[in-house]
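Colleague: File follows, run.tsv with TSV, C-alpha atoms:
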```
chain	number	residue	atom	x	y	z
A	447	MET	CA	6.11	-117.72	-0.08
A	448	ALA	CA	2.32	-117.90	0.04
A	449	ILE	CA	2.51	-119.28	3.59
A	450	ILE	CA	5.01	-116.61	4.64
A	451	ARG	CA	3.08	-113.74	3.05
A	452	ARG	CA	-0.22	-114.72	4.69
A	453	HIS	CA	-1.35	-111.96	7.09
A	454	ALA	CA	1.95	-110.06	6.61
A	455	VAL	CA	1.78	-106.27	6.33
A	456	ASP	CA	5.38	-105.63	5.24
A	457	LEU	CA	7.81	-108.12	3.70
A	458	LEU	CA	10.95	-106.18	2.83
A	459	PRO	CA	12.70	-106.80	0.54
A	460	GLU	CA	10.70	-109.74	-0.78
A	461	ASP	CA	13.23	-110.64	-3.48
A	462	GLU	CA	15.96	-110.96	-0.82
A	463	LEU	CA	13.81	-113.43	1.09
A	464	GLU	CA	13.27	-115.49	-2.06
A	465	ALA	CA	17.07	-115.55	-2.56
A	466	LYS	CA	17.66	-116.56	1.07
A	467	LEU	CA	15.09	-119.36	0.79
A	468	GLU	CA	16.67	-120.64	-2.41
A	469	GLN	CA	20.13	-120.64	-0.85
A	470	SER	CA	18.70	-122.41	2.22
A	471	ARG	CA	17.17	-125.07	-0.03
A	472	GLN	CA	20.39	-125.61	-1.97
A	473	THR	CA	22.66	-125.78	1.10
A	474	LEU	CA	20.13	-127.57	3.36
A	475	THR	CA	20.80	-124.83	5.94
A	476	PRO	CA	17.79	-123.49	7.85
A	477	LEU	CA	17.30	-119.74	7.99
A	478	VAL	CA	17.62	-118.01	11.35
A	479	VAL	CA	14.28	-116.30	11.98
A	480	LYS	CA	14.39	-113.86	14.89
A	481	LEU	CA	11.78	-112.42	17.20
A	482	GLY	CA	12.55	-110.40	20.30
A	483	PHE	CA	10.31	-109.66	23.27
A	484	ASP	CA	11.30	-107.48	26.21
A	485	PRO	CA	10.07	-109.03	29.47
A	486	THR	CA	8.53	-105.81	30.79
A	487	ARG	CA	5.55	-107.82	32.09
A	488	PRO	CA	5.47	-111.41	33.34
A	489	ASP	CA	2.97	-112.93	30.92
A	490	LEU	CA	2.45	-113.42	27.22
A	491	HIS	CA	-0.97	-112.61	25.78
A	492	LEU	CA	-2.95	-113.21	22.58
A	493	GLY	CA	-1.39	-110.14	20.96
A	494	HIS	CA	2.03	-111.79	21.24
A	495	THR	CA	0.77	-114.95	19.55
A	496	VAL	CA	0.24	-113.19	16.20
A	497	THR	CA	4.01	-113.10	15.60
A	498	LEU	CA	4.56	-116.43	17.40
A	499	ARG	CA	2.18	-118.14	14.96
A	500	LYS	CA	4.12	-116.74	12.00
A	501	LEU	CA	7.32	-118.03	13.58
A	502	ARG	CA	5.69	-121.44	13.79
A	503	ASP	CA	4.97	-121.21	10.04
A	504	PHE	CA	8.70	-120.77	9.45
A	505	GLN	CA	9.41	-123.73	11.72
A	506	ARG	CA	7.00	-125.93	9.77
A	507	LEU	CA	8.90	-124.93	6.63
A	508	GLY	CA	12.11	-126.24	8.25
A	509	HIS	CA	13.71	-123.10	9.64
A	510	THR	CA	15.12	-122.23	13.06
A	511	VAL	CA	13.62	-119.64	15.38
A	512	ALA	CA	15.85	-117.46	17.53
A	513	PHE	CA	13.56	-116.21	20.29
A	514	VAL	CA	15.37	-113.32	21.94
A	515	ILE	CA	14.37	-112.39	25.45
A	516	GLY	CA	15.45	-108.78	25.82
A	517	ASP	CA	16.55	-108.91	29.43
A	518	PHE	CA	19.12	-106.18	28.66
A	519	THR	CA	17.03	-103.98	26.35
A	520	ALA	CA	14.15	-104.14	28.86
A	521	LEU	CA	16.35	-102.03	31.14
A	522	ILE	CA	16.31	-99.33	28.41
A	523	GLY	CA	12.63	-99.65	27.48
A	524	ASP	CA	11.36	-99.78	23.91
A	525	PRO	CA	10.07	-96.29	23.03
A	526	SER	CA	8.02	-97.56	20.05
A	527	GLY	CA	4.64	-95.86	19.99
A	528	ARG	CA	5.29	-94.13	23.30
A	529	SER	CA	4.46	-90.49	23.94
A	530	ALA	CA	6.66	-90.44	27.05
A	531	THR	CA	9.83	-92.08	28.32
A	532	ARG	CA	9.23	-95.49	29.92
A	533	PRO	CA	10.07	-95.77	33.61
A	534	PRO	CA	13.13	-97.99	34.15
A	535	LEU	CA	12.63	-101.55	35.39
A	536	ALA	CA	14.60	-103.17	38.18
A	537	ARG	CA	16.87	-106.02	37.06
A	538	ASP	CA	15.29	-108.57	39.42
A	539	GLU	CA	11.85	-107.74	37.97
A	540	VAL	CA	13.18	-108.25	34.44
A	541	GLU	CA	14.79	-111.57	35.37
A	542	THR	CA	11.57	-112.87	36.97
A	543	ASN	CA	9.54	-111.90	33.90
A	544	ALA	CA	12.12	-113.45	31.56
A	545	ARG	CA	11.81	-116.86	33.22
A	546	THR	CA	8.04	-116.92	32.66
A	547	PHE	CA	8.45	-115.89	29.00
A	548	ALA	CA	10.76	-118.80	28.33
A	549	SER	CA	8.20	-121.29	29.65
A	550	GLN	CA	5.21	-119.81	27.82
A	551	VAL	CA	6.47	-119.53	24.21
A	552	PHE	CA	6.29	-123.30	23.73
A	553	ARG	CA	2.50	-123.15	23.91
A	554	ILE	CA	2.92	-122.00	20.29
A	555	LEU	CA	6.46	-122.77	19.12
A	556	ASP	CA	8.13	-126.11	18.37
A	557	GLU	CA	10.76	-126.46	21.07
A	558	SER	CA	12.99	-128.64	18.87
A	559	ARG	CA	13.32	-125.81	16.32
A	560	THR	CA	13.65	-122.95	18.81
A	561	VAL	CA	16.76	-121.42	20.34
A	562	ILE	CA	16.10	-119.10	23.29
A	563	ARG	CA	18.71	-116.40	23.75
A	564	TYR	CA	19.02	-113.54	26.23
A	565	ASN	CA	20.47	-110.38	24.73
A	566	SER	CA	22.44	-109.66	27.89
A	567	GLU	CA	24.78	-112.38	26.52
A	568	TRP	CA	26.23	-109.96	23.94
A	569	LEU	CA	25.04	-106.51	25.07
A	570	GLY	CA	26.17	-106.94	28.68
A	571	PRO	CA	29.89	-107.39	27.87
A	572	LEU	CA	30.06	-104.24	25.67
A	573	VAL	CA	32.32	-101.55	27.12
A	574	PHE	CA	31.75	-97.83	26.61
A	575	GLU	CA	34.06	-97.77	23.59
A	576	ASP	CA	31.93	-100.46	21.95
A	577	VAL	CA	28.76	-98.46	22.61
A	578	LEU	CA	30.34	-95.36	21.07
A	579	ARG	CA	31.30	-97.35	17.97
A	580	LEU	CA	27.78	-98.70	17.71
A	581	ALA	CA	26.31	-95.20	18.11
A	582	SER	CA	28.58	-93.90	15.35
A	583	ARG	CA	26.88	-96.22	12.83
A	584	TYR	CA	23.66	-94.18	12.75
A	585	THR	CA	22.70	-90.50	12.64
A	586	VAL	CA	20.38	-88.44	14.82
A	587	ALA	CA	18.64	-87.12	11.68
A	588	ARG	CA	17.68	-90.62	10.60
A	589	MET	CA	16.59	-91.54	14.12
A	590	LEU	CA	14.26	-88.53	14.19
A	591	GLU	CA	12.56	-89.78	11.03
A	592	ARG	CA	10.76	-92.24	13.28
A	593	ASP	CA	7.15	-91.16	13.81
A	594	ASP	CA	7.01	-91.24	17.59
A	595	PHE	CA	10.38	-89.49	18.00
A	596	ARG	CA	9.44	-86.85	15.42
A	597	GLN	CA	6.11	-86.17	17.09
A	598	ARG	CA	7.62	-85.93	20.55
A	599	TYR	CA	10.39	-83.66	19.29
A	600	ALA	CA	7.88	-81.38	17.52
A	601	SER	CA	5.69	-81.16	20.62
A	602	GLY	CA	8.61	-80.44	22.93
A	603	SER	CA	8.15	-83.72	24.82
A	604	ALA	CA	11.25	-85.22	26.36
A	605	ILE	CA	13.31	-87.79	24.47
A	606	SER	CA	16.03	-89.32	26.59
A	607	ILE	CA	19.34	-90.16	24.91
A	608	HIS	CA	19.08	-93.78	26.05
A	609	GLU	CA	15.87	-94.15	24.01
A	610	LEU	CA	17.82	-93.36	20.84
A	611	LEU	CA	20.12	-96.24	21.71
A	612	TYR	CA	17.28	-98.77	21.84
A	613	PRO	CA	16.95	-99.39	18.06
A	614	LEU	CA	20.75	-99.70	17.85
A	615	ALA	CA	20.79	-102.29	20.63
A	616	GLN	CA	18.00	-104.24	18.91
A	617	GLY	CA	19.98	-104.03	15.67
A	618	TYR	CA	23.06	-105.37	17.44
A	619	ASP	CA	20.97	-108.39	18.48
A	620	SER	CA	20.57	-109.16	14.77
A	621	VAL	CA	24.33	-108.81	14.28
A	622	ALA	CA	25.08	-111.21	17.14
A	623	LEU	CA	22.63	-113.80	15.80
A	624	ALA	CA	23.33	-113.22	12.07
A	625	ALA	CA	19.55	-113.15	11.68
A	626	ASP	CA	18.20	-113.86	8.19
A	627	VAL	CA	14.65	-112.71	8.95
A	628	GLU	CA	13.18	-110.69	11.81
A	629	LEU	CA	9.51	-110.47	12.70
A	630	GLY	CA	7.61	-107.82	14.59
A	631	GLY	CA	4.37	-105.90	14.81
A	632	THR	CA	3.84	-102.94	12.51
A	633	ASP	CA	4.98	-100.64	15.32
A	634	GLN	CA	8.42	-102.29	15.10
A	635	LYS	CA	9.04	-101.50	11.42
A	636	PHE	CA	11.51	-98.67	12.07
A	637	ASN	CA	13.56	-100.74	14.53
A	638	LEU	CA	13.68	-103.70	12.14
A	639	LEU	CA	14.91	-101.49	9.28
A	640	VAL	CA	17.58	-99.97	11.53
A	641	ALA	CA	18.80	-103.50	12.22
A	642	ARG	CA	19.37	-104.04	8.48
A	643	ASP	CA	21.64	-100.98	8.42
A	644	ILE	CA	23.51	-102.03	11.56
A	645	GLN	CA	24.09	-105.53	10.16
A	646	ARG	CA	25.59	-104.00	6.99
A	647	GLU	CA	27.88	-101.80	9.08
A	648	TYR	CA	29.20	-104.90	10.87
A	649	GLY	CA	29.65	-106.91	7.66
A	650	VAL	CA	26.61	-109.18	8.20
A	651	GLU	CA	24.16	-109.92	5.40
A	652	PRO	CA	21.06	-107.79	6.13
A	653	GLN	CA	17.95	-109.48	7.43
A	654	VAL	CA	14.59	-109.42	5.70
A	655	ILE	CA	11.85	-107.85	7.81
A	656	LEU	CA	8.30	-109.13	8.15
A	657	THR	CA	5.70	-107.14	10.06
A	658	LEU	CA	2.29	-108.35	11.19
A	659	PRO	CA	-0.88	-106.53	12.24
A	660	LEU	CA	-1.32	-105.39	15.82
A	661	LEU	CA	-4.20	-107.11	17.60
A	662	GLU	CA	-6.40	-104.67	19.47
A	663	GLY	CA	-7.28	-105.64	23.01
A	664	THR	CA	-10.65	-106.08	24.65
A	665	ASP	CA	-11.27	-102.31	24.58
A	666	GLY	CA	-11.20	-102.44	20.77
A	667	LYS	CA	-8.98	-99.35	20.57
A	668	GLN	CA	-5.44	-99.81	21.85
A	669	LYS	CA	-3.15	-102.67	20.86
A	670	MET	CA	-3.36	-105.53	23.33
A	671	SER	CA	-1.10	-104.77	26.27
A	672	LYS	CA	-1.04	-105.22	30.00
A	673	SER	CA	-0.18	-101.52	30.20
A	674	PHE	CA	-3.59	-100.74	28.70
A	675	HIS	CA	-5.42	-103.34	30.85
A	676	ASN	CA	-6.99	-104.90	27.75
A	677	TRP	CA	-5.14	-108.20	27.45
A	678	ILE	CA	-6.11	-111.86	27.37
A	679	GLY	CA	-3.23	-113.77	28.92
A	680	LEU	CA	-2.09	-117.18	27.70
A	681	THR	CA	-1.94	-118.56	31.23
A	682	GLU	CA	-5.07	-117.00	32.70
A	683	ALA	CA	-7.81	-119.20	34.13
A	684	PRO	CA	-10.28	-120.43	31.47
A	685	GLU	CA	-13.11	-118.52	33.14
A	686	GLU	CA	-11.10	-115.30	32.90
A	687	MET	CA	-10.23	-115.91	29.26
A	688	TYR	CA	-13.87	-116.68	28.46
A	689	GLY	CA	-15.15	-113.53	30.15
A	690	LYS	CA	-12.61	-111.33	28.43
A	691	THR	CA	-13.32	-112.90	25.04
A	692	MET	CA	-17.01	-112.12	25.47
A	693	SER	CA	-16.12	-108.45	25.96
A	694	ILE	CA	-14.31	-108.12	22.60
A	695	PRO	CA	-16.13	-105.59	20.37
A	696	ASP	CA	-18.17	-107.38	17.71
A	697	GLU	CA	-16.33	-105.64	14.87
A	698	LEU	CA	-13.10	-107.37	15.93
A	699	ILE	CA	-14.45	-110.94	15.88
A	700	ALA	CA	-13.27	-111.71	12.34
A	701	LYS	CA	-9.84	-110.19	13.04
A	702	TYR	CA	-9.42	-112.38	16.13
A	703	TRP	CA	-10.44	-115.44	14.07
A	704	ARG	CA	-7.85	-114.43	11.47
A	705	LEU	CA	-4.91	-113.64	13.75
A	706	ALA	CA	-5.44	-115.56	16.99
A	707	LEU	CA	-6.53	-118.93	15.59
A	708	ASP	CA	-5.25	-121.38	12.96
A	709	SER	CA	-8.19	-120.42	10.77
A	710	THR	CA	-8.33	-120.88	7.02
A	711	ASP	CA	-9.42	-118.01	4.79
A	712	GLU	CA	-12.65	-119.93	4.18
A	713	GLN	CA	-13.39	-120.11	7.92
A	714	VAL	CA	-12.81	-116.39	8.34
A	715	ALA	CA	-15.06	-115.69	5.36
A	716	ALA	CA	-17.75	-117.83	7.00
A	717	VAL	CA	-17.48	-115.77	10.19
A	718	GLU	CA	-17.82	-112.52	8.25
A	719	ALA	CA	-20.78	-113.87	6.27
A	720	GLY	CA	-22.50	-115.10	9.43
A	721	LEU	CA	-22.13	-111.74	11.14
A	722	ARG	CA	-23.44	-109.91	8.08
A	723	ALA	CA	-26.44	-112.26	8.04
A	724	GLY	CA	-27.30	-111.23	11.59
A	725	GLU	CA	-26.12	-114.33	13.45
A	726	ASN	CA	-25.46	-113.82	17.14
A	727	PRO	CA	-21.89	-112.42	17.65
A	728	ARG	CA	-21.76	-114.22	21.01
A	729	ASP	CA	-21.74	-117.59	19.26
A	730	TRP	CA	-18.78	-116.64	17.05
A	731	LYS	CA	-16.90	-115.40	20.10
```
What does this structure look like when you write it as structure tokens?
Modeller:
Amino acid sequence: MAIIRRHAVDLLPEDELEAKLEQSRQTLTPLVVKLGFDPTRPDLHLGHTVTLRKLRDFQRLGHTVAFVIGDFTALIGDPSGRSATRPPLARDEVETNARTFASQVFRILDESRTVIRYNSEWLGPLVFEDVLRLASRYTVARMLERDDFRQRYASGSAISIHELLYPLAQGYDSVALAADVELGGTDQKFNLLVARDIQREYGVEPQVILTLPLLEGTDGKQKMSKSFHNWIGLTEAPEEMYGKTMSIPDELIAKYWRLALDSTDEQVAAVEAGLRAGENPRDWK
């Protein structure tokens, strides 16, 4: 539990995770630990590795990772944290991006303990009746409790109906995989909690959710994202990665050491102490 809790923001409900771990130990059955990424861009970046590293912790503890490439949900577009509706992506663009995702995750994850799934496998075959049944499992009032939806509704900004379906589709992923645990950034908390409710509605034991901090990009303000042009890609040339790392604001150095490296608490404390003592931030970068 100490390993799992490390760097976590939310672990809900913690007692359910302890029960799942105990049952896993007794039955010698690994937990299914899920993480989903929509391939809206072709490359993974350091921000993605925060959750990937936590997945690797679960793998080292003997559990199985279900890495879900949201080739279907990418066509909807995750509205999390968005002040406007995402433009739709073309299917061929999504498929190209998905192939690069699958090859990049193993820079972090243990391939022998990873199952890669595409959510078009189970979302694609749904007919309209199935979608209506899924939509009937949740209310508009509860959906509008979500911060970004509530703010957009209050300001009169458009919310497309298909955006309300996104959390339900992500929840159905957890039903299809019978996920025991799902990880995400703090901006995914609402979606992950919706998935617990959807699993219950379909007679599946609800997953535990674990959220992790968002890593700000090189601008020091927005979360790392290609959309914000502040990313450090996993497959960029070393010279590019070096240059971008040098541009990170000094106040984020310790956070990068904490979340983007396999650093111990003692190493991070040494970074913080060195910076307080006036050591050159360039050297720590």
Colleague: Could you give me, as a tab-separated table, every stretch 447-543 of chain A residue with an atom at most 12 Å from stretch 611-622 of chain A, plus its closest atom pair and distance in Å to one decimal, counting all atoms listed in the file, rows ordered by chain then number?
Modeller:
```
residue	atom	partner	partner_atom	distance
A:Val478	CA	A:Ser620	CA	9.9
A:Val479	CA	A:Ser620	CA	9.9
A:Lys480	CA	A:Ser620	CA	7.8
A:Leu481	CA	A:Ser620	CA	9.7
A:Gly482	CA	A:Gln616	CA	8.3
A:Phe483	CA	A:Gln616	CA	10.4
A:Asp484	CA	A:Gln616	CA	10.4
A:Ala512	CA	A:Ser620	CA	9.9
A:Phe513	CA	A:Asp619	CA	10.9
A:Val514	CA	A:Asp619	CA	8.2
A:Ile515	CA	A:Asp619	CA	10.4
A:Gly516	CA	A:Gln616	CA	8.7
A:Asp517	CA	A:Gln616	CA	11.6
A:Phe518	CA	A:Ala615	CA	9.1
A:Thr519	CA	A:Tyr612	CA	6.9
A:Ala520	CA	A:Tyr612	CA	9.4
A:Leu521	CA	A:Tyr612	CA	9.9
A:Ile522	CA	A:Tyr612	CA	6.7
A:Gly523	CA	A:Tyr612	CA	7.4
A:Asp524	CA	A:Tyr612	CA	6.4
A:Pro525	CA	A:Tyr612	CA	7.7
A:Ser526	CA	A:Pro613	CA	9.3
A:Thr531	CA	A:Tyr612	CA	11.9
A:Arg532	CA	A:Tyr612	CA	11.9
```
Colleague: Could you check the closest approach to A:Leu629 for each of A:Val511, A:Ile449, A:Val714, A:Ala719 and tell me which residue wins, using all atoms listed in the file?
Modeller: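 Nearest to A:Leu629: A:Val511.
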Colleague: For atom CA of A:Gly631 and atom CA of A:Pro659, quote the distance in Å rounded to one decimal.
Modeller: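 Distance reported for this atom pair: 5.9 Å.
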Colleague: Measure the distance from atom CA of A:Gln713 to atom CA of A:His509 in Å and round it to one decimal.
Modeller: 27.3 Å
Colleague: Looking at A:Met589, A:Asp729, A:Arg452, A:Ile554, which one is nearest to A:Arg704, with distances taken over all atoms listed in the file?
Modeller: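 Comparing A:Met589, A:Asp729, A:Arg452, A:Ile554 against A:Arg704, the winner is A:Arg452.
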Colleague: Report, in Å to a single decimal, how far apart atom CA of A:Ala536 and atom CA of A:Met687 are.
Modeller: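 About the pair atom CA of A:Met687 and atom CA of A:Ala536: they are 29.3 Å apart.
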Colleague: Tell me, counting all atoms listed in the file, for each residue of stretch 491-593 of chain A within 10 Å of stretch 665-678 of chain A, which pair of atoms is nearest and how far apart they are in Å to one decimal, in rows ordered by chain and increasing number, as a Markdown table.
Modeller:
```
| residue | atom | partner | partner_atom | distance |
| --- | --- | --- | --- | --- |
| A:His491 | CA | A:Ile678 | CA | 5.4 |
| A:Leu492 | CA | A:Ile678 | CA | 5.9 |
| A:Gly493 | CA | A:Met670 | CA | 5.5 |
| A:His494 | CA | A:Met670 | CA | 8.5 |
```
Colleague: Would you mind exporting C-alpha atoms of the selected residues as a PDB file, in the frame of the given file?
Modeller:
```
ATOM      1  CA  HIS A 491      -0.970-112.610  25.780  1.00  0.00           C
ATOM      2  CA  LEU A 492      -2.950-113.210  22.580  1.00  0.00           C
ATOM      3  CA  GLY A 493      -1.390-110.140  20.960  1.00  0.00           C
ATOM      4  CA  HIS A 494       2.030-111.790  21.240  1.00  0.00           C
TER       5      HIS A 494
END
```
